[in-house]
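Chemist: Input my_file.txt, format and content: compact mmCIF, C-alpha atoms and all ligand atoms.
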# COMPACT_ATOMS: atom_id res chain seq x y z
CA MET U 1 29.14 161.69 -105.63
CA ARG U 2 29.38 163.85 -102.49
CA GLY U 3 27.87 163.04 -99.13
CA THR U 4 28.19 163.23 -95.37
CA ILE U 5 28.10 160.16 -93.17
CA ALA U 6 27.70 160.40 -89.39
CA VAL U 7 30.09 157.96 -87.73
CA LEU U 8 29.19 156.74 -84.22
CA ALA U 9 31.87 154.25 -83.17
CA GLY U 10 30.59 153.72 -79.59
CA ASP U 11 32.20 151.42 -77.03
CA GLY U 12 34.35 148.29 -76.78
CA ILE U 13 35.51 147.11 -80.20
CA GLY U 14 33.38 149.85 -81.85
CA PRO U 15 36.28 152.30 -82.43
CA GLU U 16 38.57 149.51 -83.78
CA ILE U 17 36.14 148.12 -86.34
CA MET U 18 34.91 151.62 -87.25
CA ALA U 19 38.50 152.64 -88.05
CA SER U 20 38.54 149.71 -90.52
CA ALA U 21 35.28 150.82 -92.17
CA VAL U 22 36.52 154.42 -92.51
CA ARG U 23 39.72 153.16 -94.19
CA ILE U 24 37.55 151.18 -96.62
CA LEU U 25 35.45 154.29 -97.31
CA ASP U 26 38.64 156.22 -98.13
CA ALA U 27 39.61 153.45 -100.55
CA VAL U 28 36.15 153.57 -102.18
CA ASN U 29 36.44 157.37 -102.52
CA ALA U 30 39.81 156.97 -104.25
CA LYS U 31 38.74 154.09 -106.53
CA PHE U 32 35.38 155.46 -107.66
CA GLY U 33 36.06 159.22 -107.48
CA HIS U 34 33.57 160.02 -104.71
CA THR U 35 33.96 162.56 -101.92
CA PHE U 36 32.11 161.07 -98.98
CA GLU U 37 33.17 162.71 -95.75
CA THR U 38 32.61 161.47 -92.21
CA LYS U 39 31.60 163.38 -89.08
CA GLU U 40 32.25 161.70 -85.74
CA GLY U 41 29.82 161.74 -82.81
CA VAL U 42 29.94 160.22 -79.33
CA THR U 43 27.50 157.64 -77.92
CA GLY U 44 27.45 155.07 -75.13
CA GLY U 45 29.91 155.06 -72.25
CA VAL U 46 32.17 157.72 -73.79
CA ALA U 47 29.17 160.04 -74.18
CA TYR U 48 28.09 159.31 -70.62
CA ASP U 49 31.51 160.38 -69.29
CA LYS U 50 31.37 163.65 -71.23
CA PHE U 51 27.67 164.60 -71.20
CA GLY U 52 26.04 162.40 -68.53
CA VAL U 53 23.79 160.72 -71.14
CA HIS U 54 24.32 157.86 -73.58
CA LEU U 55 22.85 159.70 -76.57
CA PRO U 56 23.68 163.43 -76.34
CA ALA U 57 21.59 166.02 -78.20
CA GLU U 58 24.80 167.19 -79.94
CA THR U 59 25.20 163.76 -81.51
CA VAL U 60 21.56 163.62 -82.65
CA GLU U 61 21.86 167.10 -84.22
CA MET U 62 25.02 166.07 -86.05
CA CYS U 63 23.24 162.94 -87.39
CA LYS U 64 20.36 165.08 -88.64
CA LYS U 65 22.79 166.92 -90.91
CA ALA U 66 24.11 163.69 -92.41
CA ASP U 67 22.73 161.39 -95.15
CA ALA U 68 23.12 158.27 -93.01
CA ILE U 69 24.58 156.93 -89.77
CA LEU U 70 27.33 154.33 -89.68
CA PHE U 71 27.10 152.86 -86.20
CA GLY U 72 29.56 150.63 -84.29
CA ALA U 73 28.25 149.21 -81.01
CA VAL U 74 27.58 150.43 -77.48
CA GLY U 75 27.50 148.85 -74.05
CA GLY U 76 29.77 147.69 -71.27
CA PRO U 77 30.78 144.25 -70.00
CA VAL U 78 27.87 141.84 -69.50
CA SER U 79 28.97 141.54 -65.82
CA ASP U 80 28.66 145.32 -65.29
CA GLN U 81 25.23 146.23 -66.67
CA GLU U 82 23.93 147.90 -63.48
CA SER U 83 26.57 150.61 -62.97
CA THR U 84 25.39 154.14 -63.87
CA ARG U 85 27.88 154.33 -66.73
CA TRP U 86 26.45 151.25 -68.45
CA LYS U 87 22.87 150.85 -67.24
CA ASP U 88 20.54 150.86 -70.27
CA ALA U 89 23.32 152.16 -72.57
CA GLU U 90 22.30 149.95 -75.51
CA LYS U 91 18.59 150.63 -75.00
CA ASN U 92 19.06 154.41 -74.68
CA VAL U 93 21.17 154.70 -77.79
CA ILE U 94 19.64 152.13 -80.13
CA LEU U 95 15.98 152.68 -79.24
CA GLY U 96 16.64 156.45 -79.03
CA LEU U 97 18.04 156.57 -82.57
CA ARG U 98 15.28 154.30 -83.92
CA GLU U 99 12.66 156.58 -82.49
CA LYS U 100 14.31 159.92 -83.39
CA PHE U 101 14.93 158.89 -87.00
CA ASN U 102 11.81 156.77 -87.46
CA LEU U 103 13.88 153.71 -88.39
CA PHE U 104 10.92 151.45 -89.07
CA ALA U 105 12.45 148.53 -90.96
CA ASN U 106 15.55 146.48 -90.30
CA LEU U 107 17.22 144.63 -93.18
CA ARG U 108 19.60 141.83 -92.31
CA PRO U 109 21.25 139.93 -95.17
CA LEU U 110 22.38 136.42 -94.26
CA LYS U 111 24.60 135.18 -97.01
CA VAL U 112 26.97 132.26 -97.30
CA TRP U 113 29.42 133.00 -100.09
CA GLN U 114 30.92 130.15 -102.06
CA GLY U 115 33.99 128.92 -100.19
CA THR U 116 32.84 130.20 -96.78
CA GLU U 117 30.58 127.24 -95.96
CA SER U 118 33.02 126.07 -93.29
CA PHE U 119 32.25 129.19 -91.14
CA SER U 120 28.80 127.73 -90.45
CA PRO U 121 28.13 125.15 -87.72
CA LEU U 122 25.83 123.38 -90.24
CA LYS U 123 26.97 120.77 -92.77
CA PRO U 124 28.43 122.44 -95.91
CA ASP U 125 25.89 120.84 -98.29
CA LEU U 126 23.03 122.13 -96.14
CA ILE U 127 24.28 125.70 -95.90
CA ALA U 128 25.61 126.07 -99.47
CA GLY U 129 23.77 128.78 -101.41
CA MET U 130 22.09 130.38 -98.38
CA ASP U 131 21.22 133.98 -99.31
CA VAL U 132 18.39 135.32 -97.18
CA LEU U 133 17.27 138.87 -96.46
CA ILE U 134 15.28 139.28 -93.24
CA VAL U 135 13.11 142.41 -93.18
CA ARG U 136 12.01 143.06 -89.61
CA GLU U 137 9.49 145.65 -88.42
CA LEU U 138 11.39 147.74 -85.87
CA ILE U 139 9.34 150.34 -84.01
CA ALA U 140 6.00 148.72 -83.14
CA GLY U 141 4.60 145.41 -81.89
CA ILE U 142 5.11 143.84 -78.50
CA TYR U 143 8.40 145.68 -77.72
CA PHE U 144 6.64 149.05 -77.97
CA GLY U 145 3.15 148.32 -76.64
CA PRO U 146 2.02 149.07 -73.08
CA MET U 147 3.65 146.81 -70.49
CA ARG U 148 3.14 146.55 -66.75
CA ARG U 149 3.65 144.44 -63.65
CA TYR U 150 0.96 144.16 -60.99
CA GLU U 151 -0.47 141.88 -58.31
CA VAL U 152 -3.66 139.83 -58.56
CA ASP U 153 -4.71 138.19 -55.28
CA GLY U 154 -1.11 138.36 -54.05
CA GLU U 155 0.20 136.80 -57.30
CA ILE U 156 2.84 138.88 -59.12
CA THR U 157 1.69 139.22 -62.72
CA ALA U 158 3.24 140.85 -65.81
CA GLU U 159 1.78 141.65 -69.20
CA GLU U 160 2.50 143.45 -72.46
CA THR U 161 0.46 144.27 -75.52
CA SER U 162 1.37 143.71 -79.16
CA ARG U 163 -0.28 146.22 -81.47
CA TYR U 164 0.06 146.85 -85.21
CA THR U 165 -1.73 149.24 -87.52
CA TRP U 166 -2.41 148.47 -91.19
CA LYS U 167 -0.08 151.34 -92.14
CA GLU U 168 2.82 150.12 -89.98
CA ILE U 169 2.65 146.66 -91.54
CA ALA U 170 2.19 148.03 -95.06
CA SER U 171 5.35 150.19 -94.93
CA VAL U 172 7.53 147.24 -93.96
CA VAL U 173 5.92 144.76 -96.32
CA ARG U 174 6.38 147.18 -99.25
CA ILE U 175 10.12 147.41 -98.49
CA ALA U 176 10.23 143.59 -98.53
CA PHE U 177 8.37 143.29 -101.86
CA VAL U 178 10.70 145.89 -103.47
CA ALA U 179 13.76 144.07 -102.10
CA ALA U 180 12.42 140.75 -103.47
CA GLN U 181 12.04 142.33 -106.93
CA LYS U 182 15.80 143.01 -106.98
CA ARG U 183 16.57 139.48 -105.80
CA ARG U 184 15.04 136.06 -106.55
CA LYS U 185 11.43 137.33 -106.42
CA LYS U 186 10.24 135.27 -103.48
CA LEU U 187 8.76 136.63 -100.23
CA THR U 188 7.85 134.63 -97.13
CA ILE U 189 5.78 136.27 -94.42
CA VAL U 190 6.63 134.70 -91.05
CA ASP U 191 3.94 134.89 -88.37
CA LYS U 192 1.84 132.95 -85.89
CA ALA U 193 -1.50 133.45 -87.60
CA ASN U 194 -2.92 130.26 -86.06
CA VAL U 195 -2.87 132.07 -82.68
CA LEU U 196 -2.29 135.83 -82.97
CA GLU U 197 -4.66 138.50 -84.31
CA THR U 198 -1.74 140.80 -85.24
CA SER U 199 -0.40 137.97 -87.44
CA ARG U 200 -3.78 137.64 -89.15
CA LEU U 201 -3.65 141.37 -89.88
CA TRP U 202 -0.14 140.95 -91.34
CA ARG U 203 -1.60 138.32 -93.71
CA ASP U 204 -4.49 140.58 -94.80
CA VAL U 205 -2.17 143.54 -95.44
CA THR U 206 0.32 141.41 -97.36
CA ARG U 207 -2.36 139.81 -99.57
CA PHE U 208 -3.66 143.31 -100.36
CA ILE U 209 -0.21 144.73 -101.25
CA HIS U 210 0.71 141.60 -103.22
CA ALA U 211 -1.62 142.88 -105.96
CA GLU U 212 0.95 145.66 -106.63
CA PHE U 213 3.73 143.09 -107.04
CA PRO U 214 2.34 140.28 -109.24
CA ASP U 215 5.88 139.19 -110.21
CA ILE U 216 6.67 138.12 -106.63
CA ALA U 217 5.86 134.61 -105.36
CA MET U 218 4.57 135.08 -101.82
CA ASP U 219 3.86 132.53 -99.11
CA PHE U 220 3.17 132.42 -95.36
CA MET U 221 4.98 130.37 -92.73
CA PHE U 222 4.44 129.95 -88.99
CA VAL U 223 7.41 131.20 -86.97
CA ASP U 224 8.10 127.85 -85.28
CA ASN U 225 8.34 126.16 -88.67
CA ALA U 226 10.47 129.06 -90.03
CA ALA U 227 12.99 128.57 -87.19
CA GLN U 228 13.24 124.89 -88.17
CA GLN U 229 13.51 125.60 -91.89
CA LEU U 230 16.26 128.21 -91.36
CA VAL U 231 18.35 125.38 -89.92
CA ARG U 232 17.13 122.46 -92.06
CA SER U 233 16.88 124.21 -95.40
CA PRO U 234 18.32 127.75 -95.20
CA ALA U 235 18.90 128.03 -98.96
CA SER U 236 15.16 127.69 -99.64
CA PHE U 237 14.42 131.29 -98.48
CA ASP U 238 14.84 134.53 -100.40
CA VAL U 239 13.22 137.47 -98.53
CA ILE U 240 11.53 137.00 -95.16
CA ALA U 241 9.34 139.76 -93.69
CA THR U 242 8.16 139.55 -90.11
CA ASP U 243 7.20 141.47 -87.00
CA ASN U 244 9.50 143.00 -84.41
CA MET U 245 9.86 140.10 -81.96
CA PHE U 246 9.92 137.22 -84.47
CA GLY U 247 12.45 139.21 -86.53
CA ASP U 248 14.64 139.80 -83.50
CA ILE U 249 14.88 136.09 -82.77
CA LEU U 250 15.09 134.79 -86.34
CA SER U 251 17.79 137.26 -87.38
CA ASP U 252 20.05 136.11 -84.54
CA LEU U 253 19.31 132.47 -85.37
CA GLY U 254 20.21 133.30 -88.97
CA GLY U 255 23.45 134.96 -87.84
CA ALA U 256 24.43 131.82 -85.97
CA VAL U 257 23.63 129.68 -89.02
CA VAL U 258 25.89 131.81 -91.25
CA GLY U 259 28.76 131.48 -88.77
CA SER U 260 30.15 134.31 -86.68
CA LEU U 261 28.02 137.30 -85.67
CA GLY U 262 31.16 139.19 -86.70
CA LEU U 263 30.05 138.60 -90.31
CA VAL U 264 26.55 139.97 -90.26
CA PRO U 265 25.71 143.60 -91.15
CA SER U 266 22.33 145.29 -90.94
CA ALA U 267 20.47 148.35 -92.14
CA SER U 268 17.70 150.16 -90.31
CA ILE U 269 15.82 152.18 -92.86
CA SER U 270 14.05 155.46 -92.17
CA ALA U 271 10.86 156.79 -93.68
CA LYS U 272 12.81 159.99 -94.37
CA VAL U 273 13.85 160.29 -98.01
CA GLY U 274 15.79 163.42 -98.93
CA SER U 275 19.24 164.83 -98.67
CA ALA U 276 20.61 166.86 -95.78
CA SER U 277 23.77 167.71 -97.68
CA GLY U 278 22.30 168.46 -101.11
CA GLY U 279 22.12 166.27 -104.20
CA ASN U 280 19.66 163.57 -105.13
CA ALA U 281 16.98 162.12 -102.89
CA ARG U 282 18.57 159.74 -100.40
CA ARG U 283 16.99 157.28 -98.03
CA PHE U 284 18.22 157.92 -94.48
CA GLY U 285 19.34 154.82 -92.63
CA LEU U 286 21.41 153.54 -89.75
CA TYR U 287 23.90 150.81 -90.64
CA GLU U 288 25.50 148.62 -87.99
CA PRO U 289 26.97 145.19 -87.27
CA ALA U 290 24.64 142.59 -85.78
CA HIS U 291 27.00 142.00 -82.86
CA GLY U 292 27.57 144.06 -79.71
CA SER U 293 30.59 145.90 -78.31
CA ALA U 294 32.45 142.68 -77.35
CA PRO U 295 34.22 144.18 -74.29
CA ASP U 296 36.00 140.83 -73.75
CA ILE U 297 38.18 141.42 -76.82
CA ALA U 298 38.22 145.24 -76.95
CA GLY U 299 41.58 147.02 -77.38
CA LYS U 300 43.36 143.87 -78.57
CA ASN U 301 43.18 144.51 -82.33
CA ILE U 302 41.70 141.01 -82.86
CA ALA U 303 38.02 141.80 -83.61
CA ASN U 304 36.58 140.84 -86.98
CA PRO U 305 35.69 144.10 -88.79
CA THR U 306 33.69 142.33 -91.53
CA ALA U 307 30.19 143.14 -90.22
CA GLN U 308 31.17 146.82 -89.90
CA ILE U 309 32.70 146.87 -93.39
CA LEU U 310 29.65 145.14 -94.90
CA SER U 311 27.43 147.65 -93.05
CA LEU U 312 29.26 150.37 -94.97
CA ALA U 313 28.52 148.44 -98.19
CA MET U 314 24.82 148.39 -97.25
CA LEU U 315 24.96 152.15 -96.59
CA LEU U 316 26.34 152.81 -100.06
CA ARG U 317 23.70 150.51 -101.59
CA TYR U 318 20.58 151.69 -99.74
CA THR U 319 21.27 155.37 -98.97
CA TYR U 320 23.27 156.35 -102.07
CA ASP U 321 22.03 153.65 -104.48
CA LEU U 322 25.66 152.74 -105.28
CA ASP U 323 25.32 149.04 -105.99
CA LYS U 324 28.62 148.69 -107.88
CA GLU U 325 30.62 150.15 -104.97
CA ALA U 326 28.78 147.97 -102.44
CA GLN U 327 29.45 144.87 -104.51
CA ALA U 328 33.13 145.80 -104.87
CA ILE U 329 33.47 145.89 -101.06
CA GLU U 330 31.69 142.54 -100.67
CA GLU U 331 33.86 140.93 -103.32
CA ALA U 332 37.03 142.36 -101.72
CA VAL U 333 36.13 140.76 -98.37
CA LEU U 334 35.41 137.45 -100.08
CA SER U 335 38.70 137.61 -102.03
CA ALA U 336 40.62 138.29 -98.80
CA TRP U 337 39.09 135.17 -97.22
CA LYS U 338 39.77 133.11 -100.33
CA ALA U 339 43.43 134.22 -100.09
CA GLY U 340 43.41 132.71 -96.57
CA LYS U 341 43.32 136.05 -94.75
CA LYS U 342 41.17 135.69 -91.65
CA THR U 343 40.72 137.14 -88.18
CA LYS U 344 40.89 134.94 -85.08
CA ASP U 345 37.16 134.10 -84.95
CA LEU U 346 37.22 132.56 -88.46
CA ALA U 347 40.67 131.01 -88.77
CA ALA U 348 40.66 127.22 -88.61
CA LYS U 349 43.20 125.38 -86.46
CA GLY U 350 46.72 125.93 -87.81
CA GLU U 351 45.65 128.76 -90.15
CA GLU U 352 47.33 132.19 -90.09
CA ILE U 353 45.52 134.71 -87.82
CA LEU U 354 45.38 138.36 -88.88
CA SER U 355 44.81 141.39 -86.66
CA THR U 356 41.85 143.72 -87.30
CA ASP U 357 44.16 146.24 -88.99
CA ASP U 358 46.01 143.69 -91.12
CA PHE U 359 42.79 142.04 -92.31
CA THR U 360 41.49 145.50 -93.27
CA SER U 361 44.68 146.18 -95.25
CA CYS U 362 44.15 142.90 -97.17
CA VAL U 363 40.55 143.90 -98.02
CA ILE U 364 41.80 147.31 -99.25
CA GLU U 365 44.44 145.57 -101.39
CA GLN U 366 41.73 143.44 -102.99
CA LEU U 367 39.51 146.49 -103.48
CA GLN U 368 42.25 148.37 -105.30
P1 LIG R 1 28.61 140.71 -78.22
O1 LIG R 1 28.00 140.56 -79.57
O2 LIG R 1 29.28 141.99 -77.94
O3 LIG R 1 29.67 139.52 -78.01
C1 LIG R 1 29.29 138.14 -78.00
C2 LIG R 1 30.53 137.30 -78.29
O4 LIG R 1 30.89 137.44 -79.68
C3 LIG R 1 31.77 137.73 -77.50
O5 LIG R 1 32.51 136.60 -77.15
C4 LIG R 1 32.56 138.57 -78.46
O6 LIG R 1 33.94 138.59 -78.23
C5 LIG R 1 32.21 137.95 -79.82
N1 LIG R 1 32.20 138.94 -80.89
C6 LIG R 1 31.27 139.91 -81.10
N2 LIG R 1 31.62 140.65 -82.14
C7 LIG R 1 32.78 140.16 -82.61
C8 LIG R 1 33.64 140.52 -83.69
N3 LIG R 1 33.37 141.55 -84.50
N4 LIG R 1 34.76 139.79 -83.87
C9 LIG R 1 35.05 138.76 -83.09
N5 LIG R 1 34.26 138.36 -82.07
C10 LIG R 1 33.14 139.06 -81.82
O7 LIG R 1 27.45 140.43 -77.17
P2 LIG R 1 27.47 140.53 -75.57
O8 LIG R 1 28.79 140.07 -75.04
O9 LIG R 1 26.24 139.84 -75.13
O10 LIG R 1 27.29 142.08 -75.25
C11 LIG R 1 28.37 142.95 -74.95
C12 LIG R 1 27.82 144.37 -74.88
O11 LIG R 1 27.34 144.76 -76.17
C13 LIG R 1 26.66 144.53 -73.90
O12 LIG R 1 26.84 145.73 -73.19
C14 LIG R 1 25.43 144.62 -74.81
O13 LIG R 1 24.41 145.41 -74.23
C15 LIG R 1 26.03 145.31 -76.02
N6 LIG R 1 25.30 145.11 -77.28
C16 LIG R 1 25.22 146.20 -78.08
C17 LIG R 1 24.59 146.08 -79.30
C18 LIG R 1 24.53 147.31 -80.16
O14 LIG R 1 25.20 148.29 -79.88
N7 LIG R 1 23.76 147.29 -81.24
C19 LIG R 1 24.07 144.86 -79.73
C20 LIG R 1 24.21 143.75 -78.89
C21 LIG R 1 24.84 143.89 -77.66
Take the structure from the file and write it as structure tokens.
Ligand code: NAD
Modeler:
Amino acid sequence: MRGTIAVLAGDGIGPEIMASAVRILDAVNAKFGHTFETKEGVTGGVAYDKFGVHLPAETVEMCKKADAILFGAVGGPVSDQESTRWKDAEKNVILGLREKFNLFANLRPLKVWQGTESFSPLKPDLIAGMDVLIVRELIAGIYFGPMRRYEVDGEITAEETSRYTWKEIASVVRIAFVAAQKRRKKLTIVDKANVLETSRLWRDVTRFIHAEFPDIAMDFMFVDNAAQQLVRSPASFDVIATDNMFGDILSDLGGAVVGSLGLVPSASISAKVGSASGGNARRFGLYEPAHGSAPDIAGKNIANPTAQILSLAMLLRYTYDLDKEAQAIEEAVLSAWKAGKKTKDLAAKGEEILSTDDFTSCVIEQLQ
């Protein structure tokens, strides 16, 4: 298969872990006879230095000509968020791309592979078998509604509005039902329907769409209980679908339960289906690690590239429908770990520690 992937490495460890993912893509091309090519674009601090903005029009245009975006991370040190170079870098780039490409649903797989239970802070018997997919609505709800700050009788007051349309909920819920069909056929809608009207609308929409998917077992759970159950009984979930804010919080909680954020990939799926570079219909998406730019470890060749590599696997699976290739990458990462090859964040006391580059070489060896 042929295709063009826009590569936006970004800041901090972004370029290091992206270099790993591109090496893996080359290995996939060689093993499976594909010709996927990459086109590089600038974002974040590097883009600001060159163009005076974090998300230049040139980069957006280049992405429009690609089938998908493989994204690294953007942003400066947490202690330097107010300088002009870094102020709002993450917001400008991430929210900008979500809006420009209508990336309406975020998919975050949280999987504990056999033999990797020790990465989790939870007891091994509790975490064993965890394999959850969180489907989060991404471009509506409380993060996108009107918000303001004002004074009432001298009292500073702030407010925001959460708003959902039937259509916005339906698009996301349909993605979740389809995903559940390819998995263990169970969908949990997480909400706060005992308090919020938007949650009650989510329930109505989901009950309506459930009629199209009679093979899926569907249930509802309040978000406070879901947070508890993700820690007490993480293996009991299959697919979770939820709104923007609940999804934001639960997917980070889930990342912590799995172990390092350096392990967790994600896909933000667009409504756009079609190919910019010819060939079959392809679903546009942006694929990125769950973690940030980790400026504290940037340039040291010690970052864990796993989330970036698994983001590439998701890209092959969701944009190009190449499940076999995606699975081969996932299995290669798992085999590398099983052979005791780990980066600093995962290695137990006394275990060998591999650099980003060396760990990537081990994954490529397993892939071949
Ligand atoms: P972070 O995720 O970058 O780092 C948190 C901690 O996890 C750090 O100690 C870091 O060293 C470690 N870590 C993260 N990824 C790792 C990896 N692959 N391997 C090993 N260790 C890893 O979060 P932060 O420190 O709060 O934010 C740093 C910058 O990243 C900020 O500017 C923030 O705005 C930005 N950020 C960007 C994105 C994005 O681009 N999507 C997401 C989150 C944060």
Chemist: Would you be able to write out as a PyMOL selection string which residues have an atom within 7 Å of (15.2, 131.1, -91.6) in the file's coordinates, counting all atoms listed in the file?
Modeler: chain U and resi 226-227+229-231+234+237+250+254
Chemist: Here is a test: counting all atoms listed in the file, which residue of U:Asn102, U:Ser162, U:Gln327, U:Ser79 is nearest to ligand LIG 1 (chain R)?
Modeler: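 Looking only at the distances to ligand LIG 1 (chain R), the closest residue turns out to be U:Ser79.
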Chemist: Around (12.4, 141.4, -96.7), as given in the file, which residues come within 9 Å? Count all atoms listed in the file and list them as an mmCIF file with C-alpha atoms, keeping the file's coordinate frame.
Modeler:
data_model
loop_
_atom_site.group_PDB
_atom_site.id
_atom_site.type_symbol
_atom_site.label_atom_id
_atom_site.label_comp_id
_atom_site.auth_asym_id
_atom_site.auth_seq_id
_atom_site.Cartn_x
_atom_site.Cartn_y
_atom_site.Cartn_z
ATOM 1 C CA ASN U 106 15.550 146.480 -90.300
ATOM 2 C CA LEU U 107 17.220 144.630 -93.180
ATOM 3 C CA ARG U 108 19.600 141.830 -92.310
ATOM 4 C CA VAL U 132 18.390 135.320 -97.180
ATOM 5 C CA LEU U 133 17.270 138.870 -96.460
ATOM 6 C CA ILE U 134 15.280 139.280 -93.240
ATOM 7 C CA VAL U 135 13.110 142.410 -93.180
ATOM 8 C CA ARG U 136 12.010 143.060 -89.610
ATOM 9 C CA VAL U 172 7.530 147.240 -93.960
ATOM 10 C CA VAL U 173 5.920 144.760 -96.320
ATOM 11 C CA ARG U 174 6.380 147.180 -99.250
ATOM 12 C CA ILE U 175 10.120 147.410 -98.490
ATOM 13 C CA ALA U 176 10.230 143.590 -98.530
ATOM 14 C CA PHE U 177 8.370 143.290 -101.860
ATOM 15 C CA VAL U 178 10.700 145.890 -103.470
ATOM 16 C CA ALA U 179 13.760 144.070 -102.100
ATOM 17 C CA ALA U 180 12.420 140.750 -103.470
ATOM 18 C CA LEU U 187 8.760 136.630 -100.230
ATOM 19 C CA THR U 188 7.850 134.630 -97.130
ATOM 20 C CA ILE U 189 5.780 136.270 -94.420
ATOM 21 C CA ASP U 238 14.840 134.530 -100.400
ATOM 22 C CA VAL U 239 13.220 137.470 -98.530
ATOM 23 C CA ILE U 240 11.530 137.000 -95.160
ATOM 24 C CA ALA U 241 9.340 139.760 -93.690
ATOM 25 C CA THR U 242 8.160 139.550 -90.110
#
Chemist: Figure out the distance between atom N2 of ligand LIG 1 (chain R) and atom CA of U:Glu330, please, to one decimal in Å.
Modeler: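 If I compute the distance from atom CA of U:Glu330 to atom N2 of ligand LIG 1 (chain R), I get 18.6 Å.
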Chemist: For atom CA of U:Phe104 and atom CA of U:Ser20, quote the distance in Å rounded to one decimal.
Modeler: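 Atom CA of U:Ser20 lies 27.7 Å from atom CA of U:Phe104.
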Chemist: Please produce, as a tab-separated table, a per-residue contact table for chain U versus ligand LIG 1 (chain R) (criterion: any atom at most 7 Å away, all atoms listed in the file considered), showing the nearest atom pair and its distance in Å to one decimal, sorted by chain then residue number.
Modeler:
residue	atom	partner	partner_atom	distance
U:Gly72	CA	R:LIG1	O14	6.6
U:Ala73	CA	R:LIG1	O14	3.4
U:Val74	CA	R:LIG1	O14	4.0
U:Gly75	CA	R:LIG1	O12	3.3
U:Gly76	CA	R:LIG1	O12	4.0
U:Pro77	CA	R:LIG1	O12	5.3
U:Val78	CA	R:LIG1	C13	5.3
U:Gln81	CA	R:LIG1	O12	6.7
U:Glu90	CA	R:LIG1	O13	5.2
U:Ile94	CA	R:LIG1	N7	6.5
U:Leu261	CA	R:LIG1	N2	6.1
U:Gly262	CA	R:LIG1	N3	3.9
U:Ala290	CA	R:LIG1	C19	6.5
U:His291	CA	R:LIG1	O1	3.7
U:Gly292	CA	R:LIG1	O2	3.2
U:Ser293	CA	R:LIG1	O11	4.1
U:Ala294	CA	R:LIG1	O2	3.3
U:Pro295	CA	R:LIG1	C11	6.0
U:Asp296	CA	R:LIG1	O6	5.4
U:Ile297	CA	R:LIG1	O6	5.3
U:Ala303	CA	R:LIG1	N4	3.8
U:Asn304	CA	R:LIG1	N4	3.8
U:Pro305	CA	R:LIG1	N3	5.5
U:Ala307	CA	R:LIG1	N3	6.7
U:Asp345	CA	R:LIG1	C9	5.4
Chemist: Go ahead and save the residues from that selection, with C-alpha atoms, as a CSV table (one decimal), in the frame of the given file.
Modeler:
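What ended up in part_3.csv:
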chain,number,residue,atom,x,y,z
U,72,GLY,CA,29.6,150.6,-84.3
U,73,ALA,CA,28.2,149.2,-81.0
U,74,VAL,CA,27.6,150.4,-77.5
U,75,GLY,CA,27.5,148.8,-74.0
U,76,GLY,CA,29.8,147.7,-71.3
U,77,PRO,CA,30.8,144.2,-70.0
U,78,VAL,CA,27.9,141.8,-69.5
U,81,GLN,CA,25.2,146.2,-66.7
U,90,GLU,CA,22.3,150.0,-75.5
U,94,ILE,CA,19.6,152.1,-80.1
U,261,LEU,CA,28.0,137.3,-85.7
U,262,GLY,CA,31.2,139.2,-86.7
U,290,ALA,CA,24.6,142.6,-85.8
U,291,HIS,CA,27.0,142.0,-82.9
U,292,GLY,CA,27.6,144.1,-79.7
U,293,SER,CA,30.6,145.9,-78.3
U,294,ALA,CA,32.4,142.7,-77.4
U,295,PRO,CA,34.2,144.2,-74.3
U,296,ASP,CA,36.0,140.8,-73.8
U,297,ILE,CA,38.2,141.4,-76.8
U,303,ALA,CA,38.0,141.8,-83.6
U,304,ASN,CA,36.6,140.8,-87.0
U,305,PRO,CA,35.7,144.1,-88.8
U,307,ALA,CA,30.2,143.1,-90.2
U,345,ASP,CA,37.2,134.1,-85.0
Chemist: Atom CA of U:Lys64 and atom CA of U:Trp86 are how many Å apart?
Modeler: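 Between atom CA of U:Lys64 and atom CA of U:Trp86 the gap works out to 25.2 Å.
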Chemist: Taking a cut-off of 7 Å and counting only C-alpha atoms, can you build a table that, for each residue of stretch 311-346 of chain U near stretch 360-367 of chain U, reports the nearest atom pair and how far apart they are in Å (one decimal), sorted by chain then residue number, as a Markdown table?
Modeler:
| residue | atom | partner | partner_atom | distance |
| --- | --- | --- | --- | --- |
| U:Ala328 | CA | U:Leu367 | CA | 6.6 |
| U:Ile329 | CA | U:Leu367 | CA | 6.5 |
| U:Ala332 | CA | U:Gln366 | CA | 5.0 |
| U:Val333 | CA | U:Val363 | CA | 5.4 |
| U:Ser335 | CA | U:Gln366 | CA | 6.6 |
| U:Ala336 | CA | U:Val363 | CA | 5.7 |
Chemist: Quick one: of U:Thr319, U:Gln228, U:Ser311, U:Ser251, who's nearest to U:Arg282, counting all atoms listed in the file?
Modeler: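 Of U:Thr319, U:Gln228, U:Ser311, U:Ser251, the one nearest U:Arg282, counting all atoms listed in the file, is U:Thr319.
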Chemist: Choose the residue, out of U:Gly14, U:Pro109, U:Gly33, U:Gly44, that has the smallest atom-to-atom separation from U:Glu325; count only C-alpha atoms.
Modeler: U:Gly33
Chemist: Counting all atoms listed in the file, figure out which residue out of U:Glu168, U:Asp67, U:Asp323, U:Asp204 gets nearest to U:Leu138.
Modeler: U:Glu168
Chemist: Name all residues at most 9 Å from U:Leu286 (count only C-alpha atoms; drop same-chain ones fewer than 4 positions away) and give them as a list of chain:residue names.
Modeler: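 Everything that qualifies: U:Ala68, U:Ile69, U:Leu70, U:Phe71, U:Leu97, U:Arg98, U:Phe101, U:Leu103, U:Ser266, U:Ala267, U:Ser268, U:Ile269, U:Ser270, U:Leu315.
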Chemist: Take every atom of stretch 192-198 of chain U listed in the file, fit an axis-aligned box around them, add 3 Å per side, and give the centre and edge lengths in Å to one decimal as JSON.
Modeler:
{"center_x": -1.4, "center_y": 135.5, "center_z": -85.1, "size_x": 12.5, "size_y": 16.5, "size_z": 10.9}
